[in-house]
Amino acid sequence: MVAVVGATGTGKSAWALSLVEKLAEESVSAEIVNADAMQLYRGMDIGTAKLSVQDRRGIVHHLFDVWEVSVEATVASYQALARACIREIRSRGVIPILVGGSGLYISSVLYEFEFPGTNPAIRAGLEARLATEGPQALQAELAAKDPLAAAAIDPKNSRRLIRALEVIEITGKPFGAGLDAERRSWQESTRIFGLERPRDELVVDLDQRVVTMWETGLLDEVRGLIPQGIESGVTASKAIGYHQALSVLRGEMEQKEAVEQTQALTRRFARRQVSWFRRDDSITWINPFDDGAFAASVRTILSA
C-alpha cells in the first residue's frame, strides 16, 4: 500500500498519476484512492481542485463524488469507506495509492484507530459551553489537553472541536492518542511519501490558485449546489472557498473580501497540514519536481 500526502498545492494528484504510469511500465498495476475530505462531495469540483475525468489519464480513481453536499462527513465513515475500497483493490493484486492532505482522514486509514461512540449528555454540555463561552474557549481547552488534535482541527470548526473534547471525556485519553506516530500500521508494507515545496513558492501558487478558482466559476458552482442542499450541509457549507462563496451569494460579503479570506484560510490550512504530517517520522519527504527522488520512490515501491 502507498500513500501520497502533503499540504494543499504541493502537486499530490499529478505526482500520483505519474507514479501509477511509471509502475505500469514495470507491469505493476495501481489505482488511486481519494483522501481529500471535500473531494468526496458530488459537485464540489472547482473549489477542491478535483481532477476532471479527462485529467485522470485513464487511471482508475476511487472515492470521488460519493456524498451529496447535504451529508455530514465524519472521519469514522470515511475510514470504513476507504478501508473497504483498499481491501477490494488489493484483492485484485493491485496497489492502492491513497492520495490527499486531510490528516485525520489519512491517519484513520493508515493506522489502527477505532472511534468511540457518542455521549449525548457530554455533547449537550459542550454545545452549551460553545453557545455561552464561544469556540475560542473550547479551542484553548483542546490545545491544553490534546495539542496534536488542536493542530489538526480548524478553530472555526466547532463541530470537530466538540467531537474531540467529547472523545477525550469519554475515553480519558487524548483524541489524537490513536493518531500519533507510534501507532501500529493498519497494513504491512505501507510506503508513505510526503510532498513538500519551499514555503514562499507554495504561498504564491496557493494565492493564485484561489484567484483562478473564482475566475473559472466557483461562484456559479456554489450557486448550482444550493438546490442540492449545500447550505444545510454541516461539512460542505463550511469548506474553505465554499463558505465564502455562500456569503457572497447571500450579500453578506463582497467578492474581493471573499477571495482574500479564502486565500488567508488556505494558507493557514496548508500550515496545519504540514504540522500534522511532519510529526510522522515514517514519511519519506521529497520535492515533487525532483526526478531523482521520484525514481527512488518507484524503486522503493517495487522492492517492497
# chains A, B, ... in the order shown; residues from 1 in each chain; ligands from 1
call {"tool": "select_by_dssp", "arguments": {"residues": "stretch 79-304 of chain A", "states": "alpha helix (DSSP H)", "output": "JSON, numbers by chain"}}
result
{"A": [79, 80, 81, 82, 83, 84, 85, 86, 87, 88, 89, 90, 91, 103, 104, 105, 106, 107, 108, 109, 110, 120, 121, 122, 123, 124, 125, 126, 127, 128, 129, 130, 131, 132, 133, 135, 136, 137, 138, 139, 140, 141, 142, 143, 144, 145, 147, 148, 149, 150, 151, 152, 158, 159, 160, 161, 162, 163, 164, 165, 166, 167, 168, 169, 170, 171, 199, 200, 201, 202, 203, 204, 205, 206, 207, 208, 209, 210, 211, 212, 213, 214, 215, 218, 219, 220, 221, 222, 223, 224, 225, 242, 243, 244, 245, 246, 247, 248, 249, 255, 256, 257, 258, 259, 260, 261, 262, 263, 264, 265, 266, 267, 268, 269, 270, 271, 272, 273, 274, 275, 276, 277, 278, 291, 292, 293, 294, 295, 296, 297, 298, 299, 300, 301, 302]}
call {"tool": "residues_around", "arguments": {"residues": "stretch 78-93 of chain A", "least_positions_apart": "6", "cutoff": "12 Å", "atoms": "only C-alpha atoms", "output": "PyMOL selection string"}}
result
chain A and resi 1-3+27-41+60-64+66-67+72+99+102+104-115+186-187
call {"tool": "closest_residue", "arguments": {"among": "A:Ala124, A:Ile46, A:Leu161, A:Ala295", "to": "A:Gln136", "atoms": "only C-alpha atoms"}}
result
A:Leu161
call {"tool": "residues_around", "arguments": {"residues": "stretch 15-23 of chain A", "least_positions_apart": "3", "cutoff": "12 Å", "atoms": "only C-alpha atoms", "output": "ChimeraX atom specification"}}
result
/A:2-6,9-12,26-34,51,55-61,94-100,192-196,286-291,293-303
call {"tool": "closest_atom_pairs", "arguments": {"of": "stretch 20-107 of chain A", "to": "stretch 235-249 of chain A", "cutoff": "7 Å", "atoms": "only C-alpha atoms", "output": "CSV"}}
result
residue,atom,partner,partner_atom,distance
A:Gly47,CA,A:Gly241,CA,6.2
A:Val69,CA,A:Ala236,CA,5.7
A:Glu72,CA,A:Thr235,CA,5.4
A:Ala73,CA,A:Thr235,CA,6.0
call {"tool": "write_last_selection", "arguments": {"atoms": "C-alpha atoms", "output": "compact mmCIF listing (two decimals), in the first residue's frame"}}
result
# COMPACT_ATOMS: atom_id res chain seq x y z
CA GLY A 47 -13.07 24.82 -5.15
CA VAL A 69 -23.35 18.07 -0.21
CA GLU A 72 -22.30 15.40 7.23
CA ALA A 73 -18.81 13.95 6.83
call {"tool": "closest_residue", "arguments": {"among": "A:Ala24, A:Ala128, A:Ile168, A:Met44", "to": "A:Ile226", "atoms": "only C-alpha atoms"}}
result
A:Met44
call {"tool": "closest_residue", "arguments": {"among": "A:Gly101, A:Pro198, A:Leu206, A:Ala149", "to": "A:Ala7", "atoms": "only C-alpha atoms"}}
result
A:Gly101
call {"tool": "closest_residue", "arguments": {"among": "A:Leu148, A:Val203, A:Ile230, A:Leu165", "to": "A:Pro135", "atoms": "only C-alpha atoms"}}
result
A:Leu165
call {"tool": "closest_residue", "arguments": {"among": "A:Val167, A:Ala151, A:Leu219, A:Val211", "to": "A:Gln263", "atoms": "only C-alpha atoms"}}
result
A:Val211
call {"tool": "atom_distance", "arguments": {"atom1": "atom CA of A:Val204", "atom2": "atom CA of A:Thr266"}}
result
11.5 Å
call {"tool": "decode", "arguments": {"residues": "stretch 46-182 of chain A", "atoms": "C-alpha atoms", "output": "mmCIF file, in the first residue's frame"}}
result
data_model
loop_
_atom_site.group_PDB
_atom_site.id
_atom_site.type_symbol
_atom_site.label_atom_id
_atom_site.label_comp_id
_atom_site.auth_asym_id
_atom_site.auth_seq_id
_atom_site.Cartn_x
_atom_site.Cartn_y
_atom_site.Cartn_z
ATOM 1 C CA ILE A 46 -13.600 23.841 -8.771
ATOM 2 C CA GLY A 47 -13.074 24.817 -5.147
ATOM 3 C CA THR A 48 -11.440 21.496 -4.282
ATOM 4 C CA ALA A 49 -9.158 21.314 -7.347
ATOM 5 C CA LYS A 50 -10.701 17.949 -8.153
ATOM 6 C CA LEU A 51 -9.243 16.318 -11.249
ATOM 7 C CA SER A 52 -11.734 16.061 -14.059
ATOM 8 C CA VAL A 53 -12.328 12.642 -15.599
ATOM 9 C CA GLN A 54 -10.351 13.770 -18.646
ATOM 10 C CA ASP A 55 -7.380 14.791 -16.494
ATOM 11 C CA ARG A 56 -7.190 11.401 -14.769
ATOM 12 C CA ARG A 57 -5.312 9.960 -17.777
ATOM 13 C CA GLY A 58 -7.470 6.856 -17.867
ATOM 14 C CA ILE A 59 -6.300 5.837 -14.389
ATOM 15 C CA VAL A 60 -8.923 4.394 -12.038
ATOM 16 C CA HIS A 61 -9.837 6.763 -9.190
ATOM 17 C CA HIS A 62 -11.927 5.778 -6.174
ATOM 18 C CA LEU A 63 -13.972 7.743 -3.607
ATOM 19 C CA PHE A 64 -14.697 10.827 -5.648
ATOM 20 C CA ASP A 65 -18.263 12.180 -5.696
ATOM 21 C CA VAL A 66 -19.638 9.670 -3.203
ATOM 22 C CA TRP A 67 -21.590 12.028 -0.916
ATOM 23 C CA GLU A 68 -24.266 14.616 -1.514
ATOM 24 C CA VAL A 69 -23.351 18.075 -0.210
ATOM 25 C CA SER A 70 -26.067 17.801 2.440
ATOM 26 C CA VAL A 71 -24.338 14.807 4.093
ATOM 27 C CA GLU A 72 -22.301 15.404 7.232
ATOM 28 C CA ALA A 73 -18.813 13.955 6.833
ATOM 29 C CA THR A 74 -17.138 12.054 9.657
ATOM 30 C CA VAL A 75 -13.688 10.513 9.881
ATOM 31 C CA ALA A 76 -15.219 7.233 11.011
ATOM 32 C CA SER A 77 -17.479 6.967 7.964
ATOM 33 C CA TYR A 78 -14.581 7.781 5.662
ATOM 34 C CA GLN A 79 -12.378 5.187 7.346
ATOM 35 C CA ALA A 80 -14.962 2.478 6.657
ATOM 36 C CA LEU A 81 -15.357 3.527 3.008
ATOM 37 C CA ALA A 82 -11.635 3.786 2.333
ATOM 38 C CA ARG A 83 -10.660 0.526 4.008
ATOM 39 C CA ALA A 84 -13.356 -1.403 2.153
ATOM 40 C CA CYS A 85 -12.142 0.141 -1.093
ATOM 41 C CA ILE A 86 -8.499 -0.669 -0.346
ATOM 42 C CA ARG A 87 -9.313 -4.274 0.550
ATOM 43 C CA GLU A 88 -11.128 -4.692 -2.766
ATOM 44 C CA ILE A 89 -8.248 -3.191 -4.740
ATOM 45 C CA ARG A 90 -5.685 -5.397 -3.024
ATOM 46 C CA SER A 91 -7.832 -8.481 -3.579
ATOM 47 C CA ARG A 92 -7.210 -7.974 -7.316
ATOM 48 C CA GLY A 93 -3.445 -7.808 -6.876
ATOM 49 C CA VAL A 94 -3.440 -4.047 -7.480
ATOM 50 C CA ILE A 95 -1.601 -1.451 -5.367
ATOM 51 C CA PRO A 96 -3.897 1.151 -3.752
ATOM 52 C CA ILE A 97 -2.403 4.641 -3.656
ATOM 53 C CA LEU A 98 -4.067 6.823 -1.036
ATOM 54 C CA VAL A 99 -3.760 10.481 -2.074
ATOM 55 C CA GLY A 100 -4.737 13.567 -0.122
ATOM 56 C CA GLY A 101 -3.977 16.148 2.513
ATOM 57 C CA SER A 102 -6.703 15.579 5.096
ATOM 58 C CA GLY A 103 -4.537 14.472 8.007
ATOM 59 C CA LEU A 104 -7.197 12.879 10.190
ATOM 60 C CA TYR A 105 -8.693 11.039 7.224
ATOM 61 C CA ILE A 106 -5.356 9.653 6.068
ATOM 62 C CA SER A 107 -4.258 8.635 9.551
ATOM 63 C CA SER A 108 -7.564 6.900 10.241
ATOM 64 C CA VAL A 109 -6.871 4.629 7.278
ATOM 65 C CA LEU A 110 -3.136 4.090 7.600
ATOM 66 C CA TYR A 111 -3.083 3.334 11.306
ATOM 67 C CA GLU A 112 -5.084 1.227 13.723
ATOM 68 C CA PHE A 113 -7.620 3.521 15.273
ATOM 69 C CA GLU A 114 -11.148 2.857 16.493
ATOM 70 C CA PHE A 115 -13.606 5.655 17.019
ATOM 71 C CA PRO A 116 -15.591 5.668 20.258
ATOM 72 C CA GLY A 117 -19.328 6.260 20.199
ATOM 73 C CA THR A 118 -21.055 9.433 21.293
ATOM 74 C CA ASN A 119 -22.399 10.504 24.669
ATOM 75 C CA PRO A 120 -25.480 12.753 24.338
ATOM 76 C CA ALA A 121 -25.060 14.275 27.788
ATOM 77 C CA ILE A 122 -21.398 15.161 27.276
ATOM 78 C CA ARG A 123 -22.098 16.531 23.823
ATOM 79 C CA ALA A 124 -25.010 18.633 25.060
ATOM 80 C CA GLY A 125 -22.802 20.105 27.758
ATOM 81 C CA LEU A 126 -20.104 21.009 25.234
ATOM 82 C CA GLU A 127 -22.651 22.535 22.867
ATOM 83 C CA ALA A 128 -23.991 24.645 25.734
ATOM 84 C CA ARG A 129 -20.460 25.807 26.519
ATOM 85 C CA LEU A 130 -19.924 26.658 22.869
ATOM 86 C CA ALA A 131 -23.020 28.863 22.946
ATOM 87 C CA THR A 132 -22.026 30.657 26.154
ATOM 88 C CA GLU A 133 -18.203 30.681 26.062
ATOM 89 C CA GLY A 134 -17.535 30.637 22.324
ATOM 90 C CA PRO A 135 -15.260 28.443 20.192
ATOM 91 C CA GLN A 136 -12.087 30.109 21.467
ATOM 92 C CA ALA A 137 -12.613 28.625 24.935
ATOM 93 C CA LEU A 138 -13.099 25.135 23.530
ATOM 94 C CA GLN A 139 -10.059 25.519 21.280
ATOM 95 C CA ALA A 140 -7.927 26.608 24.247
ATOM 96 C CA GLU A 141 -9.088 23.616 26.289
ATOM 97 C CA LEU A 142 -8.357 21.240 23.415
ATOM 98 C CA ALA A 143 -4.889 22.752 22.941
ATOM 99 C CA ALA A 144 -4.152 22.122 26.612
ATOM 100 C CA LYS A 145 -5.490 18.579 26.660
ATOM 101 C CA ASP A 146 -4.504 17.414 23.181
ATOM 102 C CA PRO A 147 -2.070 19.609 21.193
ATOM 103 C CA LEU A 148 -1.997 17.107 18.313
ATOM 104 C CA ALA A 149 -5.743 17.282 17.719
ATOM 105 C CA ALA A 150 -5.743 21.048 18.226
ATOM 106 C CA ALA A 151 -3.135 21.433 15.481
ATOM 107 C CA ALA A 152 -5.225 19.372 13.057
ATOM 108 C CA ILE A 153 -8.629 20.946 13.684
ATOM 109 C CA ASP A 154 -9.638 24.328 12.309
ATOM 110 C CA PRO A 155 -10.514 26.578 15.290
ATOM 111 C CA LYS A 156 -13.600 27.673 13.360
ATOM 112 C CA ASN A 157 -14.830 24.081 13.007
ATOM 113 C CA SER A 158 -16.904 23.914 16.181
ATOM 114 C CA ARG A 159 -18.316 20.503 15.262
ATOM 115 C CA ARG A 160 -14.879 18.908 15.287
ATOM 116 C CA LEU A 161 -13.816 20.789 18.409
ATOM 117 C CA ILE A 162 -16.813 19.374 20.240
ATOM 118 C CA ARG A 163 -16.171 15.861 18.934
ATOM 119 C CA ALA A 164 -12.525 15.902 20.003
ATOM 120 C CA LEU A 165 -13.373 17.095 23.513
ATOM 121 C CA GLU A 166 -16.198 14.554 23.692
ATOM 122 C CA VAL A 167 -13.811 11.696 22.862
ATOM 123 C CA ILE A 168 -11.359 12.913 25.495
ATOM 124 C CA GLU A 169 -14.141 12.968 28.077
ATOM 125 C CA ILE A 170 -15.437 9.514 27.106
ATOM 126 C CA THR A 171 -12.112 7.708 26.862
ATOM 127 C CA GLY A 172 -9.977 9.632 29.305
ATOM 128 C CA LYS A 173 -7.326 9.828 26.578
ATOM 129 C CA PRO A 174 -6.415 12.473 24.017
ATOM 130 C CA PHE A 175 -8.398 12.327 20.805
ATOM 131 C CA GLY A 176 -5.074 12.002 18.990
ATOM 132 C CA ALA A 177 -3.824 9.179 21.208
ATOM 133 C CA GLY A 178 -4.538 6.674 18.472
ATOM 134 C CA LEU A 179 -3.268 9.033 15.822
ATOM 135 C CA ASP A 180 0.330 9.651 16.868
ATOM 136 C CA ALA A 181 3.467 8.487 15.142
ATOM 137 C CA GLU A 182 3.889 5.489 17.457
#
